[in-house]
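File shown: entry03.tsv. Contents: TSV, C-alpha atoms.
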```
chain	number	residue	atom	x	y	z
A	573	MET	CA	11.30	48.68	-43.90
A	574	ALA	CA	13.20	45.39	-43.75
A	575	SER	CA	13.03	45.07	-39.97
A	576	SER	CA	9.30	45.93	-39.83
A	577	THR	CA	8.67	43.40	-42.58
A	578	LEU	CA	10.43	40.69	-40.59
A	579	TYR	CA	8.40	41.61	-37.51
A	580	ALA	CA	5.15	41.49	-39.47
A	581	VAL	CA	6.00	38.04	-40.81
A	582	ALA	CA	7.02	36.63	-37.44
A	583	TYR	CA	3.95	37.85	-35.54
A	584	LYS	CA	0.25	37.80	-36.23
A	585	SER	CA	-1.70	41.01	-35.81
A	586	ASP	CA	-2.68	40.00	-32.26
A	587	GLY	CA	1.01	39.84	-31.23
A	588	VAL	CA	1.12	36.03	-31.05
A	589	ALA	CA	4.10	34.44	-32.73
A	590	ASP	CA	3.29	32.98	-36.14
A	591	LEU	CA	5.55	29.95	-35.83
A	592	GLN	CA	4.28	28.31	-39.02
A	593	GLY	CA	5.01	31.51	-40.94
A	594	PHE	CA	8.40	31.75	-39.24
A	595	PHE	CA	9.22	28.19	-40.26
A	596	ALA	CA	8.08	28.75	-43.85
A	597	ASP	CA	10.11	31.97	-44.14
A	598	LEU	CA	13.18	30.39	-42.56
A	599	VAL	CA	13.13	27.35	-44.85
A	600	ARG	CA	12.37	29.37	-48.01
A	601	CYS	CA	15.13	31.88	-47.23
A	602	GLU	CA	17.61	29.07	-46.57
A	603	THR	CA	16.65	27.31	-49.78
A	604	ARG	CA	16.89	30.44	-51.93
A	605	LEU	CA	20.22	31.52	-50.41
A	606	TYR	CA	21.61	27.99	-50.73
A	607	ASN	CA	20.50	27.70	-54.36
A	608	ALA	CA	21.83	31.14	-55.34
A	609	LEU	CA	25.22	30.43	-53.75
A	610	ASN	CA	25.20	26.93	-55.24
A	611	ASP	CA	24.78	28.40	-58.74
A	612	ARG	CA	27.64	30.87	-58.23
A	613	LEU	CA	29.99	28.24	-56.84
A	614	ARG	CA	29.19	25.77	-59.60
A	615	GLU	CA	29.62	28.38	-62.33
A	616	ARG	CA	32.88	29.85	-61.02
A	617	HIS	CA	34.57	26.91	-59.29
A	618	GLY	CA	32.88	23.68	-60.38
A	619	ILE	CA	31.66	22.81	-56.88
A	620	VAL	CA	28.33	22.97	-55.10
A	621	THR	CA	27.47	24.48	-51.73
A	622	SER	CA	27.55	21.18	-49.86
A	623	GLN	CA	31.06	20.50	-51.14
A	624	PHE	CA	32.14	24.00	-50.19
A	625	GLU	CA	30.76	23.52	-46.70
A	626	PHE	CA	32.49	20.13	-46.28
A	627	LEU	CA	35.82	21.60	-47.41
A	628	ARG	CA	35.44	24.57	-45.10
A	629	PHE	CA	34.61	22.32	-42.15
A	630	LEU	CA	37.65	20.14	-42.85
A	631	ARG	CA	39.91	23.19	-42.99
A	632	GLU	CA	38.58	24.38	-39.64
A	633	HIS	CA	38.59	20.89	-38.08
A	634	PRO	CA	41.61	19.00	-39.39
A	635	GLY	CA	41.56	15.27	-38.73
A	636	SER	CA	37.78	15.01	-38.79
A	637	ARG	CA	36.03	11.79	-39.68
A	638	VAL	CA	32.99	11.17	-41.85
A	639	ALA	CA	30.99	10.83	-38.62
A	640	ASP	CA	32.11	14.31	-37.54
A	641	LEU	CA	30.88	15.81	-40.82
A	642	ALA	CA	27.58	13.93	-40.53
A	643	ALA	CA	27.07	15.23	-36.99
A	644	GLU	CA	27.94	18.81	-37.92
A	645	PHE	CA	25.55	18.93	-40.87
A	646	ALA	CA	22.85	16.69	-39.34
A	647	ILE	CA	22.85	14.31	-42.29
A	648	GLY	CA	23.18	10.56	-42.48
A	649	ALA	CA	26.58	8.87	-42.48
A	650	GLY	CA	25.85	7.20	-45.84
A	651	ALA	CA	25.15	10.48	-47.62
A	652	THR	CA	28.16	12.06	-45.95
A	653	SER	CA	30.42	9.20	-47.02
A	654	LYS	CA	29.24	9.56	-50.62
A	655	GLY	CA	29.96	13.29	-50.50
A	656	VAL	CA	33.44	12.60	-49.12
A	657	ASP	CA	34.01	10.02	-51.86
A	658	ARG	CA	33.25	12.71	-54.49
A	659	LEU	CA	35.67	15.15	-52.89
A	660	GLU	CA	38.35	12.49	-52.71
A	661	LYS	CA	37.79	11.50	-56.35
A	662	GLN	CA	38.35	15.14	-57.36
A	663	GLY	CA	41.61	15.20	-55.40
A	664	TRP	CA	40.41	17.86	-52.96
A	665	ILE	CA	40.70	15.70	-49.83
A	666	VAL	CA	42.49	12.52	-48.76
A	667	ARG	CA	41.58	9.83	-46.28
A	668	GLN	CA	44.32	8.92	-43.84
A	669	ALA	CA	44.47	5.98	-41.46
A	670	ASN	CA	43.04	6.76	-38.06
A	671	PRO	CA	45.57	5.50	-35.51
A	672	ALA	CA	42.92	5.52	-32.77
A	673	ASP	CA	40.29	3.55	-34.72
A	674	ARG	CA	40.97	1.33	-37.72
A	675	ARG	CA	37.30	1.43	-38.71
A	676	SER	CA	37.43	5.11	-39.62
A	677	SER	CA	39.66	7.45	-41.58
A	678	LEU	CA	40.82	10.95	-40.84
A	679	LEU	CA	40.07	13.47	-43.57
A	680	ALA	CA	42.46	16.16	-44.75
A	681	LEU	CA	42.41	18.84	-47.43
A	682	THR	CA	44.92	18.48	-50.22
A	683	ASP	CA	46.77	21.50	-51.58
A	684	ASP	CA	44.32	21.54	-54.52
A	685	GLY	CA	41.40	21.40	-52.11
A	686	SER	CA	42.82	24.23	-50.04
A	687	GLN	CA	43.38	26.41	-53.13
A	688	LEU	CA	39.87	25.66	-54.39
A	689	LEU	CA	38.41	26.51	-51.00
A	690	ASP	CA	40.26	29.82	-50.84
A	691	ALA	CA	38.95	30.85	-54.25
A	692	ALA	CA	35.42	29.58	-53.59
A	693	GLU	CA	35.31	31.30	-50.22
A	694	THR	CA	35.78	34.68	-51.91
A	695	THR	CA	32.85	33.95	-54.23
A	696	PHE	CA	30.71	32.59	-51.39
A	697	THR	CA	31.38	35.51	-49.05
A	698	ALA	CA	30.76	38.13	-51.74
A	699	GLY	CA	27.55	36.42	-52.84
A	700	LEU	CA	26.23	36.02	-49.32
A	701	SER	CA	27.09	39.61	-48.49
A	702	GLU	CA	25.32	40.85	-51.60
A	703	LEU	CA	22.20	38.80	-50.90
A	704	VAL	CA	21.91	39.52	-47.16
A	705	GLU	CA	23.43	42.96	-46.72
A	706	GLY	CA	21.67	44.19	-49.83
A	707	THR	CA	18.37	43.45	-48.10
A	708	LEU	CA	18.83	43.78	-44.34
A	709	ASP	CA	20.54	46.48	-42.33
A	710	GLN	CA	23.37	45.60	-39.93
A	711	SER	CA	21.29	45.55	-36.76
A	712	THR	CA	18.62	43.32	-38.31
A	713	THR	CA	21.27	40.95	-39.65
A	714	ALA	CA	22.97	40.83	-36.24
A	715	ALA	CA	19.66	40.17	-34.47
A	716	ALA	CA	18.70	37.40	-36.91
A	717	ALA	CA	22.17	35.82	-36.60
A	718	HIS	CA	21.95	35.91	-32.81
A	719	ALA	CA	18.46	34.37	-32.77
A	720	LEU	CA	19.44	31.59	-35.19
A	721	ARG	CA	22.67	30.86	-33.29
A	722	GLN	CA	20.69	30.57	-30.06
A	723	LEU	CA	18.08	28.28	-31.63
A	724	ARG	CA	20.73	26.13	-33.31
A	725	SER	CA	22.66	25.80	-30.06
A	726	VAL	CA	19.65	24.44	-28.19
A	727	LEU	CA	18.66	22.10	-31.02
A	728	GLU	CA	22.19	20.71	-31.22
A	729	ARG	CA	22.56	20.45	-27.45
A	730	ASP	CA	19.33	18.47	-27.25
A	731	GLN	CA	20.17	16.49	-30.40
A	732	VAL	CA	16.91	17.53	-32.04
A	733	GLY	CA	16.71	16.47	-35.68
A	734	THR	CA	19.80	14.29	-35.54
A	735	PRO	CA	19.61	11.49	-38.14
A	736	THR	CA	19.44	8.00	-36.71
A	737	GLY	CA	21.32	6.20	-39.45
```

Take the structure in the file and give it back as structure tokens.
Amino acid sequence: MASSTLYAVAYKSDGVADLQGFFADLVRCETRLYNALNDRLRERHGIVTSQFEFLRFLREHPGSRVADLAAEFAIGAGATSKGVDRLEKQGWIVRQANPADRRSSLLALTDDGSQLLDAAETTFTAGLSELVEGTLDQSTTAAAAHALRQLRSVLERDQVGTPTG
């Protein structure tokens, strides 16, 4: 049922792709998943999804700069810097001098940030699994993941939707 429902949403009855419907479904699914995970993370760990994602990125990319976070998440440098300031104020990350460029800092997780991330990751993974795998079968999930990865790759390669400030 789930896979036929996705097909029906993505295509009109004449077999032509319903791109406006696809966009609406994609955005609404992202928003609902993000909000549900945000609520769980806030309730159990005192962080929100954007903070979780920043911490996870910094763990996977040690020595990143604010500009690297902004590029990864396609958000402005100002908003990214404010988010980093909040993480630093909580003691979850530190800014270190960048020996290659005095105008920027390198970001690193603290031990507290790493412990928080480990705990939050368990909550995040369980919540995401419950929400997605409770609705879609494995093959549908794999197909959707592949399609989104392919679309994201092209958008990022072509710098589509990259903030200009």

Mind checking which residues fall within 10 Å of region 724-730 of chain A, counting only C-alpha atoms, ignoring those fewer than 4 positions away in the same chain, and posting them as a list in words? Ala643, Glu644, Ala646, His718, Ala719, Leu720 and Thr734 of chain A

Can you work out which one of A:Ala672, A:Ala692, A:Leu679, A:Leu703 has the shortest atom-to-atom distance to Thr621 (chain A), counting all atoms listed in the file?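 Selected residue with least distance to Thr621 (chain A): A:Ala692.
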
Between A:Gly699, A:Gln710, A:Glu693, A:Thr652, single out the one closest to Asn607 (chain A), counting all atoms listed in the file. A:Gly699

Excluding Leu688 (chain A) and residues on its chain fewer than 2 positions from it, collect all residues at most 10 Å away from it, counting all atoms listed in the file, and give them as JSON, numbers by chain. {"A": [617, 618, 619, 624, 627, 664, 682, 683, 684, 685, 686, 690, 691, 692, 693]}

Point-to-point distance in Å for CA of Val638 (chain A) and CA of Val666 (chain A):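 If I compute the distance from CA of Val666 (chain A) to CA of Val638 (chain A), I get 11.8 Å.
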
Given only C-alpha atoms as the basis, pick out the residue of A:Ala589, A:Ala639, A:Ala608, A:Cys601 nearest to Glu702 (chain A). A:Ala608

d(CA of Ile647 (chain A), CA of Pro735 (chain A)) in Å: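 It comes out at 6.0 Å.
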
To one decimal in Å, tell me the separation between CA of Leu700 (chain A) and CA of Ala715 (chain A).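 Those two atoms sit 16.8 Å apart.
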
May I have the protein, DNA and RNA residues with an atom at most 8 Å from (23.8, 23.5, -51.8), counting all atoms listed in the file in the file's coordinates, returned as a VMD selection string? chain A and resid 606 to 607 609 to 610 620 to 623

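For the set A:Gln668, A:Ser676, A:Gln592, A:Thr697, the residue with the smallest atom-to-atom gap to Leu605 (chain A) is A:Thr697, counting all atoms listed in the file.
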
With 4 Å on each side, where is the centre of the axis-aligned box around all listed atoms of region 712-727 of chain A, and how long are its edges in Å to one decimal, as JSON?
```
{"center_x": 20.5, "center_y": 32.7, "center_z": -33.9, "size_x": 12.9, "size_y": 29.2, "size_z": 19.5}
```
